[in-house]
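Have a look at structure.cif below; it lists mmCIF, C-alpha atoms and all ligand atoms.
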```
data_final
loop_
_atom_site.label_atom_id
_atom_site.label_comp_id
_atom_site.auth_asym_id
_atom_site.auth_seq_id
_atom_site.Cartn_x
_atom_site.Cartn_y
_atom_site.Cartn_z
CA MET A 1275 74.16 121.45 105.17
CA ILE A 1276 73.57 118.67 102.63
CA ASP A 1277 74.23 115.26 104.23
CA GLY A 1278 75.92 113.65 101.25
CA SER A 1279 73.44 110.81 100.83
CA ASP A 1280 72.08 112.28 97.60
CA VAL A 1281 75.56 112.59 96.14
CA LEU A 1282 77.56 110.04 94.17
CA GLY A 1283 81.32 110.38 94.35
CA ILE A 1284 83.36 109.66 91.24
CA VAL A 1285 87.11 109.73 91.71
CA LEU A 1286 89.22 110.02 88.56
CA ALA A 1287 92.17 107.73 89.17
CA GLY A 1288 93.22 106.66 85.71
CA GLY A 1289 96.04 109.12 85.06
CA GLU A 1290 99.47 107.81 84.10
CA GLY A 1291 101.55 110.23 86.13
CA LYS A 1292 104.37 110.27 83.57
CA ARG A 1293 106.11 113.17 85.33
CA LEU A 1294 106.34 111.11 88.53
CA MET A 1295 108.49 108.46 86.88
CA PRO A 1296 110.09 106.24 88.12
CA LEU A 1297 107.58 106.12 91.02
CA THR A 1298 104.82 105.39 88.50
CA THR A 1299 106.72 102.79 86.47
CA ASP A 1300 104.84 100.04 88.18
CA ARG A 1301 101.79 101.67 89.77
CA ALA A 1302 99.07 104.19 89.01
CA LYS A 1303 99.81 107.69 90.26
CA PRO A 1304 96.99 107.68 92.87
CA ALA A 1305 98.59 104.54 94.37
CA VAL A 1306 101.96 106.26 94.95
CA PRO A 1307 102.76 106.12 98.68
CA PHE A 1308 102.81 109.42 100.54
CA GLY A 1309 103.58 110.68 104.03
CA GLY A 1310 104.72 107.37 105.52
CA VAL A 1311 101.56 105.29 105.66
CA HIS A 1312 99.28 106.82 103.04
CA ARG A 1313 98.80 106.66 99.30
CA LEU A 1314 97.84 109.73 97.29
CA ILE A 1315 94.27 108.53 96.82
CA ASP A 1316 93.69 108.40 100.60
CA PHE A 1317 93.42 112.20 100.70
CA VAL A 1318 90.46 112.55 98.34
CA LEU A 1319 88.75 109.46 99.73
CA SER A 1320 89.14 110.70 103.32
CA ASN A 1321 87.64 114.05 102.33
CA LEU A 1322 84.65 112.48 100.62
CA VAL A 1323 83.98 109.91 103.35
CA HIS A 1324 84.30 112.42 106.22
CA GLY A 1325 81.99 114.69 104.21
CA GLY A 1326 79.29 112.01 104.21
CA ILE A 1327 79.74 110.99 100.56
CA ARG A 1328 79.92 107.26 101.00
CA ARG A 1329 78.99 105.85 97.64
CA ILE A 1330 82.17 106.29 95.68
CA CYS A 1331 83.36 104.85 92.37
CA VAL A 1332 87.06 105.08 91.63
CA LEU A 1333 87.70 104.99 87.88
CA THR A 1334 90.98 103.25 87.22
CA GLN A 1335 92.81 102.27 84.09
CA TYR A 1336 96.58 102.48 84.08
CA LYS A 1337 98.60 99.84 85.99
CA SER A 1338 95.81 99.66 88.49
CA HIS A 1339 96.68 96.47 90.34
CA SER A 1340 98.17 98.03 93.49
CA LEU A 1341 95.49 100.72 93.46
CA ASP A 1342 92.69 98.14 93.24
CA ARG A 1343 94.27 96.13 96.04
CA HIS A 1344 94.69 99.20 98.21
CA ILE A 1345 91.06 100.25 97.73
CA SER A 1346 89.67 96.83 98.41
CA THR A 1347 91.79 96.22 101.52
CA THR A 1348 91.72 99.70 103.07
CA TRP A 1349 88.49 101.32 101.96
CA ARG A 1350 85.90 98.87 103.14
CA LEU A 1351 82.85 100.88 104.18
CA SER A 1352 79.74 99.35 105.66
CA SER A 1353 77.89 97.20 103.16
CA LEU A 1354 74.99 97.03 105.65
CA THR A 1355 74.19 100.69 105.06
CA GLY A 1356 74.89 100.59 101.33
CA GLU A 1357 78.16 102.52 101.65
CA TYR A 1358 81.00 101.61 99.35
CA VAL A 1359 84.22 102.65 97.67
CA THR A 1360 84.61 100.55 94.58
CA PRO A 1361 87.35 100.48 91.97
CA VAL A 1362 85.91 100.50 88.47
CA PRO A 1363 88.42 99.42 85.84
CA ALA A 1364 88.03 100.46 82.21
CA GLN A 1365 85.64 97.87 80.78
CA GLN A 1366 85.28 98.78 77.10
CA ARG A 1367 81.53 99.18 77.57
CA LEU A 1368 81.18 101.42 74.52
CA GLY A 1369 83.32 99.46 72.14
CA PRO A 1370 86.84 98.11 71.88
CA ARG A 1371 88.75 101.06 73.32
CA TRP A 1372 90.17 102.14 76.66
CA PHE A 1373 89.32 105.49 78.25
CA GLN A 1374 90.25 108.34 75.88
CA GLY A 1375 90.29 111.03 78.52
CA SER A 1376 88.78 111.74 81.93
CA ALA A 1377 85.36 112.67 80.46
CA ASP A 1378 85.30 109.51 78.39
CA ALA A 1379 86.11 107.54 81.56
CA ILE A 1380 82.92 108.87 83.15
CA HIS A 1381 80.94 108.49 79.94
CA GLN A 1382 81.92 104.83 79.75
CA SER A 1383 80.83 104.35 83.35
CA LEU A 1384 77.43 106.01 83.25
CA ASN A 1385 75.73 102.77 84.24
CA LEU A 1386 77.00 103.56 87.76
CA VAL A 1387 75.17 106.89 87.72
CA HIS A 1388 71.99 105.33 86.37
CA ASP A 1389 72.14 102.63 89.08
CA GLU A 1390 72.26 105.21 91.88
CA SER A 1391 70.34 108.13 90.34
CA PRO A 1392 71.86 110.73 92.67
CA ALA A 1393 70.80 114.40 92.57
CA TYR A 1394 74.43 115.54 92.48
CA ILE A 1395 77.73 114.04 91.44
CA ALA A 1396 81.07 115.00 92.93
CA VAL A 1397 83.81 114.28 90.37
CA PHE A 1398 87.13 114.65 92.17
CA GLY A 1399 90.73 114.07 91.10
CA ALA A 1400 92.90 111.61 92.97
CA ASP A 1401 96.33 113.19 92.94
CA ASN A 1402 96.23 116.04 95.44
CA ILE A 1403 97.23 116.59 99.05
CA TYR A 1404 94.62 118.60 100.93
CA ARG A 1405 91.74 118.59 103.38
CA MET A 1406 88.36 119.75 102.19
CA ASP A 1407 84.79 119.39 103.39
CA PRO A 1408 82.95 118.66 100.14
CA ARG A 1409 79.54 119.41 101.70
CA GLN A 1410 80.38 123.13 101.81
CA MET A 1411 81.14 123.05 98.10
CA ILE A 1412 77.92 121.19 97.33
CA ASP A 1413 75.93 123.70 99.37
CA ALA A 1414 77.52 126.53 97.37
CA HIS A 1415 76.69 124.65 94.17
CA ILE A 1416 73.03 124.35 95.16
CA ALA A 1417 72.85 127.98 96.31
CA SER A 1418 74.27 129.35 93.03
CA GLY A 1419 71.97 127.26 90.83
CA ALA A 1420 74.89 126.43 88.50
CA GLY A 1421 75.02 123.18 86.53
CA VAL A 1422 78.65 122.58 87.49
CA THR A 1423 80.80 124.07 90.21
CA VAL A 1424 84.59 123.97 90.00
CA ALA A 1425 86.75 124.23 93.13
CA GLY A 1426 89.21 127.11 92.70
CA ILE A 1427 92.40 128.20 94.46
CA ARG A 1428 94.94 130.97 94.01
CA VAL A 1429 98.43 129.83 92.99
CA PRO A 1430 101.53 131.78 91.90
CA ARG A 1431 101.02 132.80 88.27
CA ALA A 1432 104.32 131.14 87.35
CA GLU A 1433 102.80 127.74 88.24
CA ALA A 1434 99.42 128.27 86.62
CA ARG A 1435 100.39 126.82 83.24
CA SER A 1436 99.82 123.32 84.62
CA PHE A 1437 96.23 124.05 85.56
CA GLY A 1438 92.87 125.18 84.28
CA VAL A 1439 92.71 128.95 84.82
CA ILE A 1440 89.43 130.54 85.89
CA SER A 1441 88.18 134.08 85.28
CA THR A 1442 85.25 135.33 87.30
CA GLY A 1443 83.83 138.82 87.58
CA ASP A 1444 81.47 138.33 90.51
CA GLY A 1445 83.42 135.63 92.36
CA THR A 1446 80.91 132.89 91.50
CA LYS A 1447 80.03 132.70 87.80
CA ILE A 1448 82.91 131.51 85.62
CA ASP A 1449 83.31 133.91 82.70
CA ALA A 1450 86.22 132.13 81.06
CA PHE A 1451 88.17 128.89 81.59
CA LEU A 1452 91.52 128.26 79.92
CA GLU A 1453 92.96 124.76 80.29
CA LYS A 1454 96.73 124.92 80.81
CA PRO A 1455 97.32 128.23 78.98
CA GLU A 1456 100.82 129.22 77.80
CA ASP A 1457 100.46 132.65 79.34
CA PRO A 1458 98.08 132.43 82.30
CA PRO A 1459 96.22 135.61 83.21
CA GLY A 1460 96.89 137.08 86.67
CA LEU A 1461 94.16 138.17 89.05
CA PRO A 1462 92.97 141.80 88.85
CA ASP A 1463 93.70 142.32 92.58
CA SER A 1464 96.95 140.28 92.50
CA PRO A 1465 98.67 140.12 89.10
CA ASP A 1466 101.28 137.59 90.26
CA GLU A 1467 98.63 135.05 91.17
CA SER A 1468 96.14 133.11 89.06
CA TYR A 1469 92.88 131.49 90.08
CA VAL A 1470 93.03 127.84 89.06
CA SER A 1471 90.87 124.74 89.05
CA MET A 1472 91.68 122.08 91.64
CA GLY A 1473 90.22 119.42 89.33
CA ASN A 1474 87.25 118.87 91.68
CA TYR A 1475 83.78 119.35 90.22
CA VAL A 1476 80.23 119.15 91.57
CA PHE A 1477 77.58 118.53 88.93
CA THR A 1478 73.83 118.53 88.94
CA THR A 1479 73.31 115.05 87.51
CA GLN A 1480 71.30 115.90 84.41
CA VAL A 1481 73.71 118.68 83.43
CA MET A 1482 76.60 116.22 83.57
CA LEU A 1483 74.75 113.61 81.53
CA ASP A 1484 73.83 116.15 78.84
CA ALA A 1485 77.37 117.53 78.70
CA LEU A 1486 78.94 114.06 78.39
CA HIS A 1487 76.52 112.94 75.67
CA ALA A 1488 77.16 116.12 73.66
CA ASP A 1489 80.91 115.75 74.13
CA ALA A 1490 80.88 112.12 72.99
CA LYS A 1491 79.43 113.25 69.64
CA ASN A 1492 82.01 116.00 69.14
CA PRO A 1493 84.81 114.74 66.85
CA ALA A 1494 87.08 117.65 67.84
CA SER A 1495 86.93 116.75 71.52
CA LYS A 1496 89.70 114.99 73.45
CA HIS A 1497 87.01 113.97 75.96
CA ASP A 1498 88.80 115.57 78.85
CA MET A 1499 87.05 117.25 81.80
CA GLY A 1500 89.32 120.30 81.94
CA ARG A 1501 89.86 120.72 78.22
CA ASP A 1502 86.38 120.00 76.92
CA ILE A 1503 83.54 119.56 79.45
CA ILE A 1504 84.15 122.56 81.71
CA PRO A 1505 84.78 125.06 78.84
CA ALA A 1506 81.58 123.81 77.12
CA LEU A 1507 79.56 124.51 80.27
CA VAL A 1508 81.24 127.90 80.74
CA GLU A 1509 80.18 128.70 77.19
CA LYS A 1510 76.59 127.91 78.17
CA SER A 1511 76.87 130.11 81.32
CA GLU A 1512 76.28 127.07 83.51
CA ALA A 1513 79.55 127.00 85.45
CA ALA A 1514 80.39 128.47 88.85
CA VAL A 1515 83.54 128.53 90.94
CA TYR A 1516 83.76 127.61 94.62
CA ASP A 1517 86.54 129.37 96.50
CA PHE A 1518 88.51 126.73 98.41
CA ASN A 1519 89.84 129.38 100.75
CA GLY A 1520 86.36 129.61 102.30
CA ASN A 1521 86.31 125.88 103.10
CA VAL A 1522 86.67 125.22 106.81
CA VAL A 1523 87.63 121.77 108.06
CA PRO A 1524 87.39 120.70 111.71
CA GLY A 1525 90.71 120.69 113.53
CA GLU A 1526 92.72 122.56 110.89
CA THR A 1527 95.28 125.02 112.16
CA GLY A 1528 95.55 128.60 110.99
CA ARG A 1529 98.71 127.41 109.31
CA ASP A 1530 97.32 124.56 107.26
CA HIS A 1531 93.99 126.20 106.37
CA GLY A 1532 93.71 126.31 102.60
CA TYR A 1533 96.61 123.89 101.99
CA TRP A 1534 96.41 122.16 98.62
CA ARG A 1535 99.21 120.64 96.63
CA ASP A 1536 99.31 119.02 93.27
CA VAL A 1537 102.06 116.41 93.40
CA GLY A 1538 102.48 116.02 89.67
CA THR A 1539 106.28 115.98 89.56
CA ILE A 1540 109.11 114.44 91.57
CA ASP A 1541 110.03 117.87 92.92
CA SER A 1542 106.50 118.72 94.06
CA TYR A 1543 106.15 115.23 95.58
CA TYR A 1544 109.38 115.79 97.49
CA ASP A 1545 108.41 119.33 98.56
CA ALA A 1546 105.00 118.15 99.79
CA HIS A 1547 106.85 115.75 102.11
CA THR A 1548 108.94 118.55 103.52
CA ASP A 1549 105.66 120.34 104.33
CA LEU A 1550 104.80 117.50 106.72
CA ILE A 1551 107.81 117.34 108.98
CA SER A 1552 108.45 120.71 110.55
CA THR A 1553 107.43 121.31 114.20
CA GLN A 1554 104.49 123.38 113.04
CA PRO A 1555 103.86 121.58 109.79
CA ILE A 1556 102.47 123.38 106.82
CA PHE A 1557 100.22 120.36 106.40
CA ASN A 1558 99.25 118.61 109.62
CA LEU A 1559 98.84 114.84 109.32
CA TYR A 1560 97.89 114.69 113.01
CA ASN A 1561 94.49 116.38 112.79
CA ARG A 1562 92.33 113.88 114.65
CA LYS A 1563 89.11 115.62 113.75
CA TRP A 1564 89.60 115.01 110.03
CA PRO A 1565 92.13 112.18 109.85
CA ILE A 1566 93.57 111.01 106.57
CA LEU A 1567 92.60 107.36 106.76
CA ALA A 1568 95.10 104.62 106.01
CA HIS A 1569 95.54 100.90 106.30
CA PRO A 1570 96.70 100.14 109.85
CA GLY A 1571 99.09 97.35 108.77
CA GLN A 1572 100.07 94.48 111.03
CA ARG A 1573 103.51 95.52 112.11
CA ALA A 1574 105.47 96.05 115.29
CA ALA A 1575 106.18 99.63 116.39
CA ALA A 1576 109.27 101.48 115.17
CA LYS A 1577 112.46 100.66 117.06
CA PHE A 1578 115.60 102.71 117.73
CA VAL A 1579 118.69 100.80 118.89
CA GLU A 1580 122.46 101.24 119.24
CA GLY A 1581 122.04 105.00 119.64
CA GLY A 1582 120.09 105.40 116.40
CA THR A 1583 118.17 108.69 116.18
CA ALA A 1584 115.57 110.39 114.04
CA THR A 1585 114.90 114.11 114.30
CA GLN A 1586 112.39 116.26 112.42
CA SER A 1587 111.19 113.08 110.76
CA ILE A 1588 108.21 110.78 110.35
CA VAL A 1589 109.04 107.16 111.15
CA SER A 1590 106.38 104.53 110.45
CA ASN A 1591 105.74 101.20 112.12
CA GLY A 1592 108.09 98.35 111.44
CA CYS A 1593 111.12 100.63 110.96
CA ILE A 1594 114.41 99.86 112.70
CA ILE A 1595 116.99 102.61 113.09
CA SER A 1596 120.13 100.94 114.36
CA GLY A 1597 122.98 103.29 115.30
CA ALA A 1598 122.09 105.52 112.35
CA GLN A 1599 121.05 109.16 112.04
CA VAL A 1600 117.84 110.12 110.30
CA VAL A 1601 117.14 113.84 109.83
CA ASP A 1602 114.36 115.75 107.98
CA SER A 1603 113.03 112.55 106.43
CA VAL A 1604 109.87 110.53 105.98
CA LEU A 1605 110.10 106.76 106.40
CA SER A 1606 107.33 104.39 105.30
CA PRO A 1607 106.86 101.07 107.16
CA ASP A 1608 109.60 98.43 107.42
CA VAL A 1609 112.56 100.63 106.55
CA PHE A 1610 115.83 99.36 108.04
CA ILE A 1611 118.78 101.70 108.52
CA GLU A 1612 122.00 100.16 109.75
CA ASN A 1613 124.84 101.36 111.95
CA GLY A 1614 126.69 104.50 110.98
CA ALA A 1615 124.37 105.34 108.08
CA VAL A 1616 123.09 108.90 107.59
CA VAL A 1617 119.73 109.62 105.96
CA GLN A 1618 119.04 113.29 105.44
CA GLY A 1619 116.17 115.12 103.76
CA SER A 1620 114.89 111.94 102.13
CA VAL A 1621 111.73 109.96 101.53
CA LEU A 1622 112.11 106.20 101.95
CA LEU A 1623 109.23 103.95 100.93
CA ASP A 1624 108.26 100.56 102.32
CA GLY A 1625 111.01 98.08 102.99
CA ALA A 1626 113.92 100.27 101.82
CA ARG A 1627 117.25 99.27 103.39
CA VAL A 1628 120.25 101.48 103.98
CA GLY A 1629 123.43 99.57 104.82
CA ARG A 1630 126.20 100.35 107.29
CA GLY A 1631 127.94 103.66 106.81
CA ALA A 1632 125.91 104.59 103.73
CA VAL A 1633 124.82 108.19 103.11
CA VAL A 1634 121.48 109.10 101.55
CA ARG A 1635 120.76 112.81 100.94
CA ARG A 1636 117.87 114.55 99.19
CA ALA A 1637 116.70 111.27 97.72
CA ILE A 1638 113.56 109.27 97.21
CA LEU A 1639 114.03 105.52 97.60
CA ASP A 1640 111.08 103.54 96.31
CA LYS A 1641 109.86 100.31 97.84
CA ASN A 1642 112.51 97.68 98.65
CA VAL A 1643 115.43 99.73 97.36
CA VAL A 1644 118.73 98.52 98.78
CA VAL A 1645 121.59 100.91 99.47
CA PRO A 1646 124.60 98.69 100.17
CA PRO A 1647 127.06 99.44 102.99
CA GLY A 1648 129.18 102.52 102.33
CA ALA A 1649 127.27 103.65 99.22
CA HIS A 1650 126.57 107.37 98.70
CA ILE A 1651 123.35 108.75 97.20
CA GLY A 1652 122.79 112.47 96.70
CA VAL A 1653 126.40 113.35 97.56
CA ASP A 1654 127.86 113.60 94.05
CA LEU A 1655 125.04 114.58 91.70
CA ALA A 1656 127.17 114.29 88.56
CA ARG A 1657 127.83 110.66 89.42
CA ASP A 1658 124.23 110.04 90.45
CA ARG A 1659 123.01 111.38 87.11
CA SER A 1660 124.79 108.60 85.29
CA HIS A 1661 123.17 105.88 87.40
CA TYR A 1662 119.82 107.12 88.64
CA HIS A 1663 116.93 109.43 87.84
CA VAL A 1664 117.75 112.96 89.09
CA SER A 1665 114.98 115.61 89.09
CA ASP A 1666 115.26 119.21 87.88
CA PHE A 1667 115.97 120.35 91.43
CA GLY A 1668 118.50 117.60 92.17
CA ILE A 1669 116.40 115.00 93.95
CA VAL A 1670 117.82 111.52 93.29
CA VAL A 1671 115.23 108.79 92.78
CA LEU A 1672 115.83 105.04 92.90
CA GLY A 1673 113.00 102.95 91.47
CA LYS A 1674 111.22 100.03 93.11
CA GLY A 1675 113.54 97.19 94.10
CA GLU A 1676 116.68 98.87 92.69
CA THR A 1677 120.04 98.23 94.32
CA ALA A 1678 122.32 101.26 94.52
CA ILE A 1679 125.88 100.99 93.30
P1 LIG B 1 95.50 117.31 85.16
O1 LIG B 1 95.76 116.80 86.54
O2 LIG B 1 96.69 117.57 84.29
O3 LIG B 1 94.59 118.63 85.21
P2 LIG B 1 94.43 114.85 84.21
O4 LIG B 1 95.73 114.30 83.77
O5 LIG B 1 93.21 114.62 83.38
O6 LIG B 1 94.48 116.39 84.39
O7 LIG B 1 94.17 114.28 85.68
C1 LIG B 1 93.03 114.63 86.47
C2 LIG B 1 92.57 113.41 87.26
O8 LIG B 1 91.95 112.50 86.34
C3 LIG B 1 93.70 112.65 87.91
O9 LIG B 1 93.27 112.19 89.18
C4 LIG B 1 93.97 111.50 86.96
O10 LIG B 1 94.45 110.35 87.67
C5 LIG B 1 92.60 111.25 86.37
N1 LIG B 1 92.56 110.77 84.99
C6 LIG B 1 93.26 111.25 83.91
N2 LIG B 1 92.95 110.57 82.81
C7 LIG B 1 92.03 109.64 83.18
C8 LIG B 1 91.34 108.60 82.49
N3 LIG B 1 91.53 108.41 81.20
N4 LIG B 1 90.52 107.82 83.21
C9 LIG B 1 90.31 108.02 84.52
N5 LIG B 1 90.95 108.97 85.22
C10 LIG B 1 91.78 109.77 84.57
C11 LIG B 1 93.33 118.58 85.89
C12 LIG B 1 92.38 119.59 85.26
C13 LIG B 1 92.92 121.02 85.46
C14 LIG B 1 93.14 121.26 86.93
C15 LIG B 1 94.10 120.20 87.49
C16 LIG B 1 94.27 120.30 88.99
O11 LIG B 1 92.19 119.30 83.88
O12 LIG B 1 92.00 121.96 84.94
O13 LIG B 1 93.69 122.56 87.14
O14 LIG B 1 93.54 118.88 87.25
O15 LIG B 1 95.21 119.37 89.45
#
```
Spit out the file's structure as structure tokens when you get a sec.
Ligand code: ADQ
Amino acid sequence: MIDGSDVLGIVLAGGEGKRLMPLTTDRAKPAVPFGGVHRLIDFVLSNLVHGGIRRICVLTQYKSHSLDRHISTTWRLSSLTGEYVTPVPAQQRLGPRWFQGSADAIHQSLNLVHDESPAYIAVFGADNIYRMDPRQMIDAHIASGAGVTVAGIRVPRAEARSFGVISTGDGTKIDAFLEKPEDPPGLPDSPDESYVSMGNYVFTTQVMLDALHADAKNPASKHDMGRDIIPALVEKSEAAVYDFNGNVVPGETGRDHGYWRDVGTIDSYYDAHTDLISTQPIFNLYNRKWPILAHPGQRAAAKFVEGGTATQSIVSNGCIISGAQVVDSVLSPDVFIENGAVVQGSVLLDGARVGRGAVVRRAILDKNVVVPPGAHIGVDLARDRSHYHVSDFGIVVLGKGETAI
């Protein structure tokens, strides 16, 4: 298997994440906290680093401060061996403009590729929850002789409109690629499913350079990987698909094999949390053979006092549950829940506080949200709608630092 040293990793982390508002009001989508102690970007970076790809540029643009800080404090690889994860902000290298689209972001950063001259480039998205050994995909890329290989997964056809949809006759060569089609085609052997792009690409370096240069000259292009670059390479018969279902990661369970989630919306972000907390989780955060790496944080352990309990829940360091009940929930560090409060089916981010006797149901409380004593969230949705953001499926979201009323 390829050892990753001839591969440069480029992580696309400049998306706005509009559909994750208000969690992205103040931070880039890849910096959104997830699963207690992680941020979304930790999943792709863990996959690349465990897979031996240890020269990684993270292209950032939108509200990138907390993302930059997270990368530089958490993702410090060994400089002695030339390994690095480095945030690369938009720098207007090709004139006075920010990144137009994801392909333009790479095009504006090609100096990084020239500096390293790798044989292959793994361009991965930053917004997904999954485990994947990228070496297996790179091996498949080399074996097929394609110029670009796109990771593919089956999803329900009803969800496929948010993705790039792949058609392949022989299971490897991509015959057609439709970016976010209105009416996605189903699979011949399973009409209710579509085969979609995971937004992870492996390129042979020269093929990527040629494709980006050609795209930059095309006035009709939006300079987007999924909309422009991949269809152009499909047109030239240079694109292959890699079936994610064949990817095997050490320590995965039969249950979480093949797990991949795009957390583009509040509802999918919430649902992905519920996948973590059951006894036999659909996604196992406790796989020690392929851990999702995170900043350890300097905090005391979680504490339960005055009969406080948490069941079917993840409780991070620094949390204090005092005489309160926490059920089916995920708590980031430093959450404080006071006597008599009930927190059910909720995701509470760093430093959230729930006062005495308050009730929080099916809610997401961003960092440092305060729920005063006796307040109710997620109990009367009609009322909540007039004060807070409520998602299509009724998840109530309070933004960073907000105080509930
Ligand atoms: P989307 O996720 O909708 O579809 P996009 O918004 O471009 O596409 O985001 C892809 C990645 O690129 C994200 O990690 C995002 O943060 C980043 N990104 C977006 N714009 C950027 C920019 N200007 N600079 C740097 N980074 C940027 C894509 C593909 C689909 C595929 C889905 C899978 O286009 O074909 O099915 O991903 O989730």
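Using all atoms listed in the file, the nearest neighbour of Ile1448 (chain A) within the list A:Arg1435, A:Arg1630, A:Lys1510, A:Arg1501 is A:Lys1510.
Proximity to ligand LIG 1 (chain B) was assessed for A:Leu1294, A:Ser1436, A:Thr1347, A:Met1411 counting only C-alpha atoms and all ligand atoms; the smallest distance is recorded for A:Ser1436.
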Legend entry - Exercise answer, 7 Å around ligand LIG 1 (chain B) with all atoms listed in the file, as number ranges by chain: A: 1286-1290, 1303-1304, 1333-1335, 1373-1376, 1378-1379, 1399-1402, 1436-1439, 1453-1454, 1470-1473, 1498-1501, 1536
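Coordinates place CA of Ile1345 (chain A) at a distance of 6.9 Å from CA of Pro1361 (chain A).
The shortest atom-to-atom distance to Asn1474 (chain A), with all atoms listed in the file taken into account, belongs to A:Val1397 out of A:Val1362, A:Pro1607, A:Val1397, A:Gly1625.
Put simply, CA of Phe1518 (chain A) is 25.9 Å away from CA of His1497 (chain A).
Look at Ala1568 (chain A): the protein and nucleic acid residues within 12 Å of it, using all atoms listed in the file and passing over chain neighbours fewer than 3 places away, are A:Pro1307, A:Phe1308, A:Gly1309, A:Gly1310, A:Val1311, A:His1312, A:Arg1313, A:Leu1314, A:Ile1315, A:Asp1316, A:Phe1317, A:Val1318, A:Leu1319, A:Ser1320, A:His1344, A:Ile1345, A:Thr1347, A:Thr1348, A:Trp1349, A:Arg1350, A:Leu1559, A:Pro1565, A:Gly1571.
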Please write region 1347-1359 of chain A of the preceding block to a file containing N, CA, C and O atoms, as a short mmCIF file (atom, residue, chain, number, x, y, z; two decimals), in the first residue's frame?
```cif
data_model
loop_
_atom_site.label_atom_id
_atom_site.label_comp_id
_atom_site.auth_asym_id
_atom_site.auth_seq_id
_atom_site.Cartn_x
_atom_site.Cartn_y
_atom_site.Cartn_z
N THR A 1347 -3.37 24.99 17.39
CA THR A 1347 -3.15 24.47 18.76
C THR A 1347 -3.27 22.95 18.81
O THR A 1347 -2.56 22.30 19.56
N THR A 1348 -4.16 22.37 18.01
CA THR A 1348 -4.41 20.93 18.11
C THR A 1348 -3.56 20.11 17.15
O THR A 1348 -3.08 19.05 17.49
N TRP A 1349 -3.39 20.61 15.95
CA TRP A 1349 -2.81 19.78 14.89
C TRP A 1349 -1.35 20.11 14.66
O TRP A 1349 -0.94 20.49 13.56
N ARG A 1350 -0.58 19.94 15.73
CA ARG A 1350 0.86 20.19 15.59
C ARG A 1350 1.57 18.87 15.34
O ARG A 1350 1.76 18.08 16.27
N LEU A 1351 1.94 18.62 14.11
CA LEU A 1351 2.67 17.39 13.80
C LEU A 1351 4.15 17.66 13.99
O LEU A 1351 4.56 18.76 14.38
N SER A 1352 4.98 16.66 13.70
CA SER A 1352 6.39 16.81 14.00
C SER A 1352 7.12 17.61 12.93
O SER A 1352 7.27 17.17 11.79
N SER A 1353 7.60 18.79 13.31
CA SER A 1353 8.34 19.59 12.34
C SER A 1353 9.69 18.93 12.02
O SER A 1353 10.25 19.14 10.95
N LEU A 1354 10.19 18.10 12.94
CA LEU A 1354 11.48 17.43 12.71
C LEU A 1354 11.44 16.56 11.46
O LEU A 1354 12.42 16.43 10.74
N THR A 1355 10.29 15.92 11.23
CA THR A 1355 10.19 15.01 10.09
C THR A 1355 9.47 15.67 8.90
O THR A 1355 9.08 15.00 7.95
N GLY A 1356 9.30 16.98 8.98
CA GLY A 1356 8.69 17.69 7.86
C GLY A 1356 7.19 17.47 7.76
O GLY A 1356 6.61 17.68 6.70
N GLU A 1357 6.56 17.04 8.85
CA GLU A 1357 5.10 16.82 8.81
C GLU A 1357 4.40 18.09 9.28
O GLU A 1357 4.86 18.73 10.23
N TYR A 1358 3.30 18.43 8.64
CA TYR A 1358 2.60 19.63 9.08
C TYR A 1358 1.13 19.60 8.66
O TYR A 1358 0.76 18.94 7.71
N VAL A 1359 0.33 20.31 9.45
CA VAL A 1359 -1.02 20.69 9.02
C VAL A 1359 -1.03 22.20 9.11
O VAL A 1359 -0.81 22.75 10.20
#
```
